[in-house]
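Chemist: Contents are mmCIF, C-alpha atoms and all ligand atoms; chains and numbers go by the auth columns; file name structure-v5.cif:
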data_coords
loop_
_atom_site.group_PDB
_atom_site.id
_atom_site.type_symbol
_atom_site.label_atom_id
_atom_site.label_comp_id
_atom_site.label_asym_id
_atom_site.label_seq_id
_atom_site.Cartn_x
_atom_site.Cartn_y
_atom_site.Cartn_z
_atom_site.B_iso_or_equiv
_atom_site.auth_seq_id
_atom_site.auth_asym_id
ATOM 1 C CA MET A 1 -12.351 -30.753 -60.222 0.00 1 A
ATOM 2 C CA PHE A 2 -10.796 -31.297 -56.776 0.00 2 A
ATOM 3 C CA GLN A 3 -12.111 -28.866 -54.227 0.00 3 A
ATOM 4 C CA LEU A 4 -10.503 -27.847 -50.973 0.00 4 A
ATOM 5 C CA PRO A 5 -12.750 -28.241 -47.940 0.00 5 A
ATOM 6 C CA ARG A 6 -14.600 -25.025 -47.198 0.00 6 A
ATOM 7 C CA PHE A 7 -12.613 -24.289 -43.993 0.00 7 A
ATOM 8 C CA CYS A 8 -9.375 -24.120 -46.017 0.00 8 A
ATOM 9 C CA ASN A 9 -10.721 -21.146 -47.922 0.00 9 A
ATOM 10 C CA PRO A 10 -8.632 -18.168 -46.727 0.00 10 A
ATOM 11 C CA ARG A 11 -11.758 -16.087 -46.413 0.00 11 A
ATOM 12 C CA VAL A 12 -13.035 -18.584 -43.839 0.00 12 A
ATOM 13 C CA LEU A 13 -9.749 -19.665 -42.323 0.00 13 A
ATOM 14 C CA LEU A 14 -8.179 -16.256 -41.638 0.00 14 A
ATOM 15 C CA PRO A 15 -10.974 -14.912 -39.442 0.00 15 A
ATOM 16 C CA VAL A 16 -10.971 -18.224 -37.546 0.00 16 A
ATOM 17 C CA LEU A 17 -7.203 -18.072 -36.955 0.00 17 A
ATOM 18 C CA PHE A 18 -7.429 -14.407 -35.956 0.00 18 A
ATOM 19 C CA GLY A 19 -10.173 -15.248 -33.502 0.00 19 A
ATOM 20 C CA LEU A 20 -8.053 -18.011 -31.977 0.00 20 A
ATOM 21 C CA PHE A 21 -5.089 -15.619 -31.713 0.00 21 A
ATOM 22 C CA LEU A 22 -7.220 -13.053 -29.893 0.00 22 A
ATOM 23 C CA GLY A 23 -8.473 -15.761 -27.592 0.00 23 A
ATOM 24 C CA PHE A 24 -4.937 -16.742 -26.621 0.00 24 A
ATOM 25 C CA ALA A 25 -3.764 -13.155 -26.311 0.00 25 A
ATOM 26 C CA SER A 26 -6.493 -12.284 -23.854 0.00 26 A
ATOM 27 C CA THR A 27 -5.878 -15.358 -21.702 0.00 27 A
ATOM 28 C CA SER A 28 -3.458 -14.167 -19.034 0.00 28 A
ATOM 29 C CA ALA A 29 -2.185 -16.311 -16.174 0.00 29 A
ATOM 30 C CA PRO A 30 -5.002 -17.397 -13.891 0.00 30 A
ATOM 31 C CA ALA A 31 -5.340 -15.106 -10.889 0.00 31 A
ATOM 32 C CA GLY A 32 -7.602 -14.750 -7.901 0.00 32 A
ATOM 33 C CA ASP A 33 -8.283 -12.078 -5.309 0.00 33 A
ATOM 34 C CA ILE A 34 -8.232 -12.091 -1.526 0.00 34 A
ATOM 35 C CA VAL A 35 -11.216 -10.313 -0.055 0.00 35 A
ATOM 36 C CA GLY A 36 -12.239 -9.822 3.535 0.00 36 A
ATOM 37 C CA ARG A 37 -12.653 -7.482 6.422 0.00 37 A
ATOM 38 C CA VAL A 38 -10.315 -6.285 9.110 0.00 38 A
ATOM 39 C CA GLU A 39 -11.198 -5.112 12.612 0.00 39 A
ATOM 40 C CA LEU A 40 -9.111 -3.176 15.093 0.00 40 A
ATOM 41 C CA ILE A 41 -9.676 -3.317 18.829 0.00 41 A
ATOM 42 C CA GLU A 42 -8.755 -0.016 20.465 0.00 42 A
ATOM 43 C CA LYS A 43 -7.335 0.578 23.949 0.00 43 A
ATOM 44 C CA ASN A 44 -10.831 0.983 25.400 0.00 44 A
ATOM 45 C CA GLY A 45 -11.803 -2.457 24.082 0.00 45 A
ATOM 46 C CA LYS A 46 -14.076 -0.990 21.418 0.00 46 A
ATOM 47 C CA LYS A 47 -13.798 -1.639 17.714 0.00 47 A
ATOM 48 C CA ALA A 48 -12.309 1.208 15.691 0.00 48 A
ATOM 49 C CA ALA A 49 -14.906 2.981 13.571 0.00 49 A
ATOM 50 C CA ASP A 50 -12.528 4.010 10.762 0.00 50 A
ATOM 51 C CA LEU A 51 -10.171 1.380 9.363 0.00 51 A
ATOM 52 C CA SER A 52 -8.872 3.406 6.436 0.00 52 A
ATOM 53 C CA ASP A 53 -5.315 3.550 7.821 0.00 53 A
ATOM 54 C CA VAL A 54 -5.006 -0.245 7.892 0.00 54 A
ATOM 55 C CA VAL A 55 -2.692 -1.823 5.330 0.00 55 A
ATOM 56 C CA VAL A 56 -3.277 -5.417 4.195 0.00 56 A
ATOM 57 C CA TYR A 57 -0.540 -7.392 2.475 0.00 57 A
ATOM 58 C CA VAL A 58 0.504 -10.862 1.486 0.00 58 A
ATOM 59 C CA GLU A 59 3.590 -12.682 2.698 0.00 59 A
ATOM 60 C CA SER A 60 5.281 -15.552 0.923 0.00 60 A
ATOM 61 C CA ALA A 61 4.220 -14.351 -2.525 0.00 61 A
ATOM 62 C CA ARG A 62 6.433 -14.325 -5.560 0.00 62 A
ATOM 63 C CA GLY A 63 6.346 -11.430 -7.954 0.00 63 A
ATOM 64 C CA LYS A 64 8.160 -8.153 -7.820 0.00 64 A
ATOM 65 C CA ALA A 65 6.438 -4.953 -6.838 0.00 65 A
ATOM 66 C CA LYS A 66 6.224 -2.355 -9.587 0.00 66 A
ATOM 67 C CA PRO A 67 7.892 0.910 -8.618 0.00 67 A
ATOM 68 C CA GLY A 68 5.445 3.774 -8.832 0.00 68 A
ATOM 69 C CA ARG A 69 5.158 7.488 -8.113 0.00 69 A
ATOM 70 C CA ASP A 70 2.970 8.621 -5.263 0.00 70 A
ATOM 71 C CA VAL A 71 2.210 11.837 -3.431 0.00 71 A
ATOM 72 C CA VAL A 72 1.917 12.658 0.257 0.00 72 A
ATOM 73 C CA SER A 73 1.060 16.341 0.513 0.00 73 A
ATOM 74 C CA MET A 74 1.443 18.632 3.465 0.00 74 A
ATOM 75 C CA LYS A 75 -1.582 20.805 3.972 0.00 75 A
ATOM 76 C CA GLY A 76 -3.009 22.424 7.081 0.00 76 A
ATOM 77 C CA LYS A 77 -0.015 21.105 9.065 0.00 77 A
ATOM 78 C CA SER A 78 -0.977 17.550 8.231 0.00 78 A
ATOM 79 C CA PHE A 79 0.289 14.812 5.909 0.00 79 A
ATOM 80 C CA SER A 80 -2.259 13.474 3.444 0.00 80 A
ATOM 81 C CA PRO A 81 -2.701 10.570 3.090 0.00 81 A
ATOM 82 C CA HIS A 82 -1.567 9.703 6.601 0.00 82 A
ATOM 83 C CA VAL A 83 -0.736 6.141 5.503 0.00 83 A
ATOM 84 C CA LEU A 84 0.596 5.128 2.101 0.00 84 A
ATOM 85 C CA VAL A 85 1.547 1.656 0.877 0.00 85 A
ATOM 86 C CA VAL A 86 3.869 1.337 -2.125 0.00 86 A
ATOM 87 C CA GLY A 87 6.083 -1.188 -3.878 0.00 87 A
ATOM 88 C CA THR A 88 9.865 -1.161 -3.440 0.00 88 A
ATOM 89 C CA GLY A 89 11.609 1.317 -5.694 0.00 89 A
ATOM 90 C CA SER A 90 8.670 3.743 -5.591 0.00 90 A
ATOM 91 C CA THR A 91 9.251 7.468 -5.357 0.00 91 A
ATOM 92 C CA VAL A 92 7.061 9.564 -3.094 0.00 92 A
ATOM 93 C CA GLU A 93 6.696 13.312 -3.623 0.00 93 A
ATOM 94 C CA PHE A 94 6.083 15.534 -0.606 0.00 94 A
ATOM 95 C CA PRO A 95 4.698 18.834 -1.923 0.00 95 A
ATOM 96 C CA ASN A 96 4.199 21.534 0.682 0.00 96 A
ATOM 97 C CA GLN A 97 0.830 23.173 0.040 0.00 97 A
ATOM 98 C CA ASP A 98 1.073 25.394 3.103 0.00 98 A
ATOM 99 C CA PRO A 99 2.499 28.927 3.028 0.00 99 A
ATOM 100 C CA ILE A 100 4.706 27.970 5.996 0.00 100 A
ATOM 101 C CA LEU A 101 7.856 25.895 6.232 0.00 101 A
ATOM 102 C CA HIS A 102 7.750 22.155 6.847 0.00 102 A
ATOM 103 C CA ASN A 103 10.672 19.730 7.165 0.00 103 A
ATOM 104 C CA VAL A 104 9.941 16.082 6.369 0.00 104 A
ATOM 105 C CA PHE A 105 12.294 13.630 8.027 0.00 105 A
ATOM 106 C CA SER A 106 12.411 9.997 9.090 0.00 106 A
ATOM 107 C CA ILE A 107 14.658 8.014 11.370 0.00 107 A
ATOM 108 C CA SER A 108 13.327 4.657 10.080 0.00 108 A
ATOM 109 C CA GLY A 109 15.888 2.529 8.240 0.00 109 A
ATOM 110 C CA GLU A 110 18.741 4.683 6.964 0.00 110 A
ATOM 111 C CA GLY A 111 16.673 7.766 7.740 0.00 111 A
ATOM 112 C CA PHE A 112 16.349 10.840 5.559 0.00 112 A
ATOM 113 C CA ASP A 113 15.802 14.562 5.829 0.00 113 A
ATOM 114 C CA LEU A 114 14.208 16.620 3.054 0.00 114 A
ATOM 115 C CA GLY A 115 15.064 19.945 4.693 0.00 115 A
ATOM 116 C CA LEU A 116 12.930 23.055 5.045 0.00 116 A
ATOM 117 C CA TYR A 117 10.681 24.223 2.235 0.00 117 A
ATOM 118 C CA LYS A 118 7.300 25.842 1.739 0.00 118 A
ATOM 119 C CA ARG A 119 4.686 26.196 -0.979 0.00 119 A
ATOM 120 C CA PRO A 120 5.125 25.673 -3.933 0.00 120 A
ATOM 121 C CA LYS A 121 8.208 23.537 -3.365 0.00 121 A
ATOM 122 C CA SER A 122 8.279 19.784 -3.128 0.00 122 A
ATOM 123 C CA GLY A 123 10.754 17.161 -2.075 0.00 123 A
ATOM 124 C CA SER A 124 10.885 13.460 -2.855 0.00 124 A
ATOM 125 C CA ARG A 125 12.285 10.197 -1.589 0.00 125 A
ATOM 126 C CA THR A 126 12.718 6.829 -3.308 0.00 126 A
ATOM 127 C CA PHE A 127 12.045 3.828 -1.068 0.00 127 A
ATOM 128 C CA ASP A 128 14.318 1.000 -2.191 0.00 128 A
ATOM 129 C CA LYS A 129 13.941 -1.291 0.791 0.00 129 A
ATOM 130 C CA PRO A 130 10.797 -2.877 2.187 0.00 130 A
ATOM 131 C CA GLY A 131 9.755 -1.769 5.639 0.00 131 A
ATOM 132 C CA VAL A 132 7.590 0.627 7.598 0.00 132 A
ATOM 133 C CA TYR A 133 8.829 4.216 7.485 0.00 133 A
ATOM 134 C CA THR A 134 7.520 6.708 10.010 0.00 134 A
ATOM 135 C CA LEU A 135 7.720 10.286 8.798 0.00 135 A
ATOM 136 C CA TYR A 136 7.584 13.454 10.833 0.00 136 A
ATOM 137 C CA CYS A 137 7.935 17.192 10.399 0.00 137 A
ATOM 138 C CA ASN A 138 10.790 18.782 12.298 0.00 138 A
ATOM 139 C CA ILE A 139 8.752 21.934 12.963 0.00 139 A
ATOM 140 C CA HIS A 140 5.335 20.531 13.884 0.00 140 A
ATOM 141 C CA PRO A 141 5.295 17.643 16.371 0.00 141 A
ATOM 142 C CA GLN A 142 1.657 16.820 15.545 0.00 142 A
ATOM 143 C CA MET A 143 2.519 15.884 11.938 0.00 143 A
ATOM 144 C CA SER A 144 3.182 12.228 11.174 0.00 144 A
ATOM 145 C CA ALA A 145 2.748 9.805 8.307 0.00 145 A
ATOM 146 C CA LEU A 146 3.586 6.209 7.501 0.00 146 A
ATOM 147 C CA VAL A 147 4.950 4.825 4.258 0.00 147 A
ATOM 148 C CA VAL A 148 4.702 1.026 4.128 0.00 148 A
ATOM 149 C CA VAL A 149 7.015 -0.396 1.460 0.00 149 A
ATOM 150 C CA ARG A 150 6.369 -3.908 0.160 0.00 150 A
ATOM 151 C CA ASP A 151 8.540 -6.050 -2.088 0.00 151 A
ATOM 152 C CA ASN A 152 5.665 -7.857 -3.813 0.00 152 A
ATOM 153 C CA PRO A 153 2.699 -6.256 -5.570 0.00 153 A
ATOM 154 C CA TYR A 154 0.003 -7.815 -3.392 0.00 154 A
ATOM 155 C CA PHE A 155 -1.171 -5.135 -0.976 0.00 155 A
ATOM 156 C CA ALA A 156 -4.119 -2.858 -0.359 0.00 156 A
ATOM 157 C CA LYS A 157 -5.474 -0.306 2.056 0.00 157 A
ATOM 158 C CA ALA A 158 -8.681 -1.139 3.850 0.00 158 A
ATOM 159 C CA ALA A 159 -11.818 0.900 3.237 0.00 159 A
ATOM 160 C CA PRO A 160 -13.177 2.888 6.222 0.00 160 A
ATOM 161 C CA ASP A 161 -15.504 -0.044 7.037 0.00 161 A
ATOM 162 C CA GLY A 162 -12.551 -2.467 7.105 0.00 162 A
ATOM 163 C CA SER A 163 -13.290 -4.257 3.851 0.00 163 A
ATOM 164 C CA PHE A 164 -10.370 -4.902 1.517 0.00 164 A
ATOM 165 C CA ARG A 165 -9.450 -6.612 -1.741 0.00 165 A
ATOM 166 C CA VAL A 166 -5.951 -7.721 -2.746 0.00 166 A
ATOM 167 C CA GLU A 167 -6.058 -8.405 -6.468 0.00 167 A
ATOM 168 C CA GLY A 168 -4.480 -10.673 -9.017 0.00 168 A
ATOM 169 C CA LEU A 169 -2.626 -13.384 -7.099 0.00 169 A
ATOM 170 C CA PRO A 170 -1.522 -16.538 -8.887 0.00 170 A
ATOM 171 C CA ALA A 171 -3.334 -19.565 -7.466 0.00 171 A
ATOM 172 C CA GLY A 172 -1.644 -20.905 -4.342 0.00 172 A
ATOM 173 C CA ASP A 173 -1.288 -20.809 -0.580 0.00 173 A
ATOM 174 C CA TYR A 174 -0.514 -17.489 1.076 0.00 174 A
ATOM 175 C CA LYS A 175 -0.396 -15.733 4.385 0.00 175 A
ATOM 176 C CA VAL A 176 -2.264 -12.471 4.528 0.00 176 A
ATOM 177 C CA MET A 177 -1.721 -9.936 7.270 0.00 177 A
ATOM 178 C CA ALA A 178 -2.771 -6.492 8.354 0.00 178 A
ATOM 179 C CA PHE A 179 -0.828 -3.622 9.869 0.00 179 A
ATOM 180 C CA HIS A 180 -1.882 -0.498 11.730 0.00 180 A
ATOM 181 C CA GLU A 181 0.339 2.019 13.472 0.00 181 A
ATOM 182 C CA ARG A 182 -1.363 1.557 16.861 0.00 182 A
ATOM 183 C CA ALA A 183 -1.491 -2.249 16.651 0.00 183 A
ATOM 184 C CA GLY A 184 1.570 -3.228 14.630 0.00 184 A
ATOM 185 C CA GLU A 185 1.321 -6.374 12.544 0.00 185 A
ATOM 186 C CA GLY A 186 -1.518 -8.778 13.316 0.00 186 A
ATOM 187 C CA MET A 187 -1.482 -12.573 13.237 0.00 187 A
ATOM 188 C CA PRO A 188 -1.146 -13.975 9.719 0.00 188 A
ATOM 189 C CA VAL A 189 -4.153 -15.753 8.242 0.00 189 A
ATOM 190 C CA ALA A 190 -3.620 -18.627 5.786 0.00 190 A
ATOM 191 C CA VAL A 191 -5.592 -18.477 2.553 0.00 191 A
ATOM 192 C CA LYS A 192 -5.822 -20.636 -0.533 0.00 192 A
ATOM 193 C CA VAL A 193 -6.272 -18.493 -3.623 0.00 193 A
ATOM 194 C CA PRO A 194 -8.102 -20.206 -6.474 0.00 194 A
ATOM 195 C CA ALA A 195 -7.115 -19.863 -10.147 0.00 195 A
ATOM 196 C CA THR A 196 -10.122 -17.616 -10.619 0.00 196 A
ATOM 197 C CA GLY A 197 -12.428 -16.116 -8.052 0.00 197 A
ATOM 198 C CA GLU A 198 -11.871 -15.139 -4.463 0.00 198 A
ATOM 199 C CA ALA A 199 -10.397 -16.394 -1.227 0.00 199 A
ATOM 200 C CA GLU A 200 -11.754 -14.910 1.984 0.00 200 A
ATOM 201 C CA ALA A 201 -9.786 -13.734 5.009 0.00 201 A
ATOM 202 C CA ASP A 202 -10.961 -11.976 8.125 0.00 202 A
ATOM 203 C CA LEU A 203 -8.210 -10.205 10.007 0.00 203 A
ATOM 204 C CA SER A 204 -8.010 -8.758 13.492 0.00 204 A
ATOM 205 C CA LEU A 205 -5.665 -6.166 14.954 0.00 205 A
ATOM 206 C CA ASP A 206 -5.111 -5.499 18.639 0.00 206 A
ATOM 207 C CA ALA A 207 -4.269 -1.957 19.727 0.00 207 A
ATOM 208 C CA THR A 208 -5.224 -2.499 23.388 0.00 208 A
ATOM 209 C CA SER A 209 -1.632 -2.126 24.602 0.00 209 A
ATOM 210 C CA TYR A 210 -0.858 0.923 22.473 0.00 210 A
ATOM 211 C CA LYS A 211 0.889 3.751 24.315 0.00 211 A
ATOM 212 C CA ARG A 212 1.339 7.102 22.661 0.00 212 A
ATOM 213 C CA VAL A 213 4.893 8.358 22.970 0.00 213 A
ATOM 214 C CA GLN A 214 5.883 11.835 21.853 0.00 214 A
ATOM 215 C CA HIS A 215 8.621 11.437 19.267 0.00 215 A
ATOM 216 C CA LYS A 216 11.782 13.559 19.215 0.00 216 A
ATOM 217 C CA ASN A 217 12.795 15.992 16.510 0.00 217 A
ATOM 218 C CA LYS A 218 15.415 15.173 13.886 0.00 218 A
ATOM 219 C CA TYR A 219 18.205 16.019 16.315 0.00 219 A
ATOM 220 C CA GLY A 220 16.880 13.531 18.862 0.00 220 A
ATOM 221 C CA LYS A 221 15.703 16.402 21.084 0.00 221 A
ATOM 222 C CA ASP A 222 12.299 17.430 22.412 0.00 222 A
ATOM 223 C CA TYR A 223 10.346 19.828 20.223 0.00 223 A
ATOM 224 C CA SER A 224 10.330 23.483 21.174 0.00 224 A
ATOM 225 C CA LEU A 225 7.647 24.263 23.757 0.00 225 A
ATOM 226 C CA LYS A 226 6.239 26.941 21.464 0.00 226 A
ATOM 227 C CA VAL A 227 2.784 25.961 20.300 0.00 227 A
ATOM 228 C CA TYR A 228 2.445 25.917 16.530 0.00 228 A
HETATM 229 CU CU CU B . 5.519 21.053 9.560 0.00 301 A
#
As structure tokens - that is how I would like this structure written.
Modeler:
Amino acid sequence: MFQLPRFCNPRVLLPVLFGLFLGFASTSAPAGDIVGRVELIEKNGKKAADLSDVVVYVESARGKAKPGRDVVSMKGKSFSPHVLVVGTGSTVEFPNQDPILHNVFSISGEGFDLGLYKRPKSGSRTFDKPGVYTLYCNIHPQMSALVVVRDNPYFAKAAPDGSFRVEGLPAGDYKVMAFHERAGEGMPVAVKVPATGEAEADLSLDATSYKRVQHKNKYGKDYSLKVY
């Protein structure tokens, strides 16, 4: 009698096909990471010891940022985290964890004003446009925060030692840059990301010409001289 080859037997063939299917399903588009280290030269010419407020991001990259939800809390008359990086369309909550009133506002871009509230209330803002938003409190001049909004998903914050990893870029040529509030944006560094693995980039920021300027309140006036 005619016999089918053994691999046509469903008991053999089905597991093989299923295995192939799983293999394809787990194969996503090839992607590599950008890893490196950033340094920041302060006004006194010394290297900054804590780089955790540095944001690293990639220019000239396709791919839309995923909107997320993030939190910047107000505690002990301070915003935490001081620097946040998010994708366009993300909503940031600003819970007040202090028993005193705070008033988050920004004059960056269109500007916004969340008004006065205290614990346990919270306010929020959705950031639809890329950019760097400086946030203040209208009561406490010492309070400030930055929200960096990016329109592609390739960004990261540096670790305190300056190391960073931007994950999951399709293979290609990119420009990677760093930003810090005292230095602004540094010079872009060109990298070639492989289909798998890592590209390396070392970035440098210059804060030697930074001058601290006391910002105004939301009315464009000096803060009250009362010490808070
Ligand atoms: Cu405040």
Chemist: Kindly give the distance, in Å, that separates CA of Met177 in chain A and CA of Gly87 in chain A, rounded to a single decimal.
Modeler: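 Distance reported for this atom pair: 16.2 Å.
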Chemist: Can you build me a table of chain A residues sitting at most 12 Å from ligand CU 301 (chain A), with the closest atom pair per residue and its distance in Å to one decimal, using all atoms listed in the file, sorted by chain and residue number, as a Markdown table?
Modeler:
| residue | atom | partner | partner_atom | distance |
| --- | --- | --- | --- | --- |
| A:Ser73 | CA | A:CU301 | CU | 11.1 |
| A:Met74 | CA | A:CU301 | CU | 7.7 |
| A:Lys75 | CA | A:CU301 | CU | 9.0 |
| A:Gly76 | CA | A:CU301 | CU | 9.0 |
| A:Lys77 | CA | A:CU301 | CU | 5.6 |
| A:Ser78 | CA | A:CU301 | CU | 7.5 |
| A:Phe79 | CA | A:CU301 | CU | 8.9 |
| A:Phe94 | CA | A:CU301 | CU | 11.6 |
| A:Pro95 | CA | A:CU301 | CU | 11.7 |
| A:Asn96 | CA | A:CU301 | CU | 9.0 |
| A:Gln97 | CA | A:CU301 | CU | 10.8 |
| A:Asp98 | CA | A:CU301 | CU | 9.0 |
| A:Pro99 | CA | A:CU301 | CU | 10.7 |
| A:Ile100 | CA | A:CU301 | CU | 7.8 |
| A:Leu101 | CA | A:CU301 | CU | 6.3 |
| A:His102 | CA | A:CU301 | CU | 3.7 |
| A:Asn103 | CA | A:CU301 | CU | 5.8 |
| A:Val104 | CA | A:CU301 | CU | 7.4 |
| A:Phe105 | CA | A:CU301 | CU | 10.2 |
| A:Leu114 | CA | A:CU301 | CU | 11.7 |
| A:Gly115 | CA | A:CU301 | CU | 10.8 |
| A:Leu116 | CA | A:CU301 | CU | 8.9 |
| A:Tyr117 | CA | A:CU301 | CU | 9.5 |
| A:Lys118 | CA | A:CU301 | CU | 9.3 |
| A:Arg119 | CA | A:CU301 | CU | 11.8 |
| A:Leu135 | CA | A:CU301 | CU | 11.0 |
| A:Tyr136 | CA | A:CU301 | CU | 8.0 |
| A:Cys137 | CA | A:CU301 | CU | 4.6 |
| A:Asn138 | CA | A:CU301 | CU | 6.4 |
| A:Ile139 | CA | A:CU301 | CU | 4.8 |
| A:His140 | CA | A:CU301 | CU | 4.4 |
| A:Pro141 | CA | A:CU301 | CU | 7.6 |
| A:Gln142 | CA | A:CU301 | CU | 8.3 |
| A:Met143 | CA | A:CU301 | CU | 6.4 |
| A:Ser144 | CA | A:CU301 | CU | 9.3 |
| A:Ala145 | CA | A:CU301 | CU | 11.7 |
| A:Asn217 | CA | A:CU301 | CU | 11.3 |
| A:Tyr223 | CA | A:CU301 | CU | 11.8 |
| A:Tyr228 | CA | A:CU301 | CU | 9.0 |
Chemist: Please, could you write that set of residues out with C-alpha atoms as a PDB file, keeping the file's coordinate frame?
Modeler:
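Written file, selection.pdb:
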ATOM      1  CA  SER A  73       1.060  16.341   0.513  1.00  0.00           C
ATOM      2  CA  MET A  74       1.443  18.632   3.465  1.00  0.00           C
ATOM      3  CA  LYS A  75      -1.582  20.805   3.972  1.00  0.00           C
ATOM      4  CA  GLY A  76      -3.009  22.424   7.081  1.00  0.00           C
ATOM      5  CA  LYS A  77      -0.015  21.105   9.065  1.00  0.00           C
ATOM      6  CA  SER A  78      -0.977  17.550   8.231  1.00  0.00           C
ATOM      7  CA  PHE A  79       0.289  14.812   5.909  1.00  0.00           C
ATOM      8  CA  PHE A  94       6.083  15.534  -0.606  1.00  0.00           C
ATOM      9  CA  PRO A  95       4.698  18.834  -1.923  1.00  0.00           C
ATOM     10  CA  ASN A  96       4.199  21.534   0.682  1.00  0.00           C
ATOM     11  CA  GLN A  97       0.830  23.173   0.040  1.00  0.00           C
ATOM     12  CA  ASP A  98       1.073  25.394   3.103  1.00  0.00           C
ATOM     13  CA  PRO A  99       2.499  28.927   3.028  1.00  0.00           C
ATOM     14  CA  ILE A 100       4.706  27.970   5.996  1.00  0.00           C
ATOM     15  CA  LEU A 101       7.856  25.895   6.232  1.00  0.00           C
ATOM     16  CA  HIS A 102       7.750  22.155   6.847  1.00  0.00           C
ATOM     17  CA  ASN A 103      10.672  19.730   7.165  1.00  0.00           C
ATOM     18  CA  VAL A 104       9.941  16.082   6.369  1.00  0.00           C
ATOM     19  CA  PHE A 105      12.294  13.630   8.027  1.00  0.00           C
ATOM     20  CA  LEU A 114      14.208  16.620   3.054  1.00  0.00           C
ATOM     21  CA  GLY A 115      15.064  19.945   4.693  1.00  0.00           C
ATOM     22  CA  LEU A 116      12.930  23.055   5.045  1.00  0.00           C
ATOM     23  CA  TYR A 117      10.681  24.223   2.235  1.00  0.00           C
ATOM     24  CA  LYS A 118       7.300  25.842   1.739  1.00  0.00           C
ATOM     25  CA  ARG A 119       4.686  26.196  -0.979  1.00  0.00           C
ATOM     26  CA  LEU A 135       7.720  10.286   8.798  1.00  0.00           C
ATOM     27  CA  TYR A 136       7.584  13.454  10.833  1.00  0.00           C
ATOM     28  CA  CYS A 137       7.935  17.192  10.399  1.00  0.00           C
ATOM     29  CA  ASN A 138      10.790  18.782  12.298  1.00  0.00           C
ATOM     30  CA  ILE A 139       8.752  21.934  12.963  1.00  0.00           C
ATOM     31  CA  HIS A 140       5.335  20.531  13.884  1.00  0.00           C
ATOM     32  CA  PRO A 141       5.295  17.643  16.371  1.00  0.00           C
ATOM     33  CA  GLN A 142       1.657  16.820  15.545  1.00  0.00           C
ATOM     34  CA  MET A 143       2.519  15.884  11.938  1.00  0.00           C
ATOM     35  CA  SER A 144       3.182  12.228  11.174  1.00  0.00           C
ATOM     36  CA  ALA A 145       2.748   9.805   8.307  1.00  0.00           C
ATOM     37  CA  ASN A 217      12.795  15.992  16.510  1.00  0.00           C
ATOM     38  CA  TYR A 223      10.346  19.828  20.223  1.00  0.00           C
ATOM     39  CA  TYR A 228       2.445  25.917  16.530  1.00  0.00           C
TER      40      TYR A 228
END
Chemist: For Gly45 in chain A, which residue among A:Ala183, A:Val149, A:Leu225, A:Ala207 is the nearest when counting all atoms listed in the file?
Modeler: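 Closest to Gly45 in chain A, using all atoms listed in the file: A:Ala207.
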Chemist: Under the rule that only C-alpha atoms are counted, which of A:Val55, A:Val193, A:Val35, A:Val86 is the nearest residue to Ala156 in chain A?
Modeler: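 Counting only C-alpha atoms, the residue closest to Ala156 in chain A is A:Val55.
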Chemist: Pick out the closest residue to Ala199 in chain A from this set: A:Ala31, A:Ala48, A:Ser124, A:Lys157. Count only C-alpha atoms.
Modeler: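 The shortest atom-to-atom distance to Ala199 in chain A comes from A:Ala31.
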Chemist: Take the PyMOL selection byres (((chain A and resi 167) around 9) and not hetatm), run it mentally on this structure, and tell me the resulting residues as a list of chain:residue names.
Modeler: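 With the shown file as input, the PyMOL selection byres (((chain A and resi 167) around 9) and not hetatm) matches A:Ala31, A:Gly32, A:Asp33, A:Ile34, A:Val35, A:Tyr154, A:Phe155, A:Ala156, A:Arg165, A:Val166, A:Gly168, A:Leu169.
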Chemist: Would you compute the distance between CA of Tyr210 in chain A and CA of Glu42 in chain A? Give it in Å to one decimal.
Modeler: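 We find that CA of Tyr210 in chain A and CA of Glu42 in chain A lie 8.2 Å from each other.
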Chemist: Once the PyMOL selection byres (((chain A and resi 84) around 10) and not hetatm) has been evaluated on this model, what residues remain selected, and can you format them as a list of chain:residue names?
Modeler: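 The output of the PyMOL selection byres (((chain A and resi 84) around 10) and not hetatm) on this file is A:Asp53, A:Val54, A:Val55, A:Asp70, A:Val71, A:Val72, A:Ser80, A:Pro81, A:His82, A:Val83, A:Val85, A:Val86, A:Val92, A:Val132, A:Tyr133, A:Ala145, A:Leu146, A:Val147, A:Val148, A:Val149, A:Ala156, A:Lys157.
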Chemist: Put those residues in a file: C-alpha atoms, as a short mmCIF file (atom, residue, chain, number, x, y, z; two decimals), keeping the file's coordinate frame.
Modeler:
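Generated file (out-v1.cif):
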data_model
loop_
_atom_site.label_atom_id
_atom_site.label_comp_id
_atom_site.auth_asym_id
_atom_site.auth_seq_id
_atom_site.Cartn_x
_atom_site.Cartn_y
_atom_site.Cartn_z
CA ASP A 53 -5.32 3.55 7.82
CA VAL A 54 -5.01 -0.24 7.89
CA VAL A 55 -2.69 -1.82 5.33
CA ASP A 70 2.97 8.62 -5.26
CA VAL A 71 2.21 11.84 -3.43
CA VAL A 72 1.92 12.66 0.26
CA SER A 80 -2.26 13.47 3.44
CA PRO A 81 -2.70 10.57 3.09
CA HIS A 82 -1.57 9.70 6.60
CA VAL A 83 -0.74 6.14 5.50
CA VAL A 85 1.55 1.66 0.88
CA VAL A 86 3.87 1.34 -2.12
CA VAL A 92 7.06 9.56 -3.09
CA VAL A 132 7.59 0.63 7.60
CA TYR A 133 8.83 4.22 7.48
CA ALA A 145 2.75 9.80 8.31
CA LEU A 146 3.59 6.21 7.50
CA VAL A 147 4.95 4.82 4.26
CA VAL A 148 4.70 1.03 4.13
CA VAL A 149 7.02 -0.40 1.46
CA ALA A 156 -4.12 -2.86 -0.36
CA LYS A 157 -5.47 -0.31 2.06
#
Chemist: Please measure the separation of CA of Lys43 in chain A and CA of Asp202 in chain A, giving the value in Å to one decimal.
Modeler: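 Rounded to one decimal, the two atoms are 20.5 Å apart.
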Chemist: Would you please work out which residue, of A:Phe127, A:Glu200, A:Ser122, A:Thr91, is nearest to Ser106 in chain A when using only C-alpha atoms?
Modeler: A:Phe127
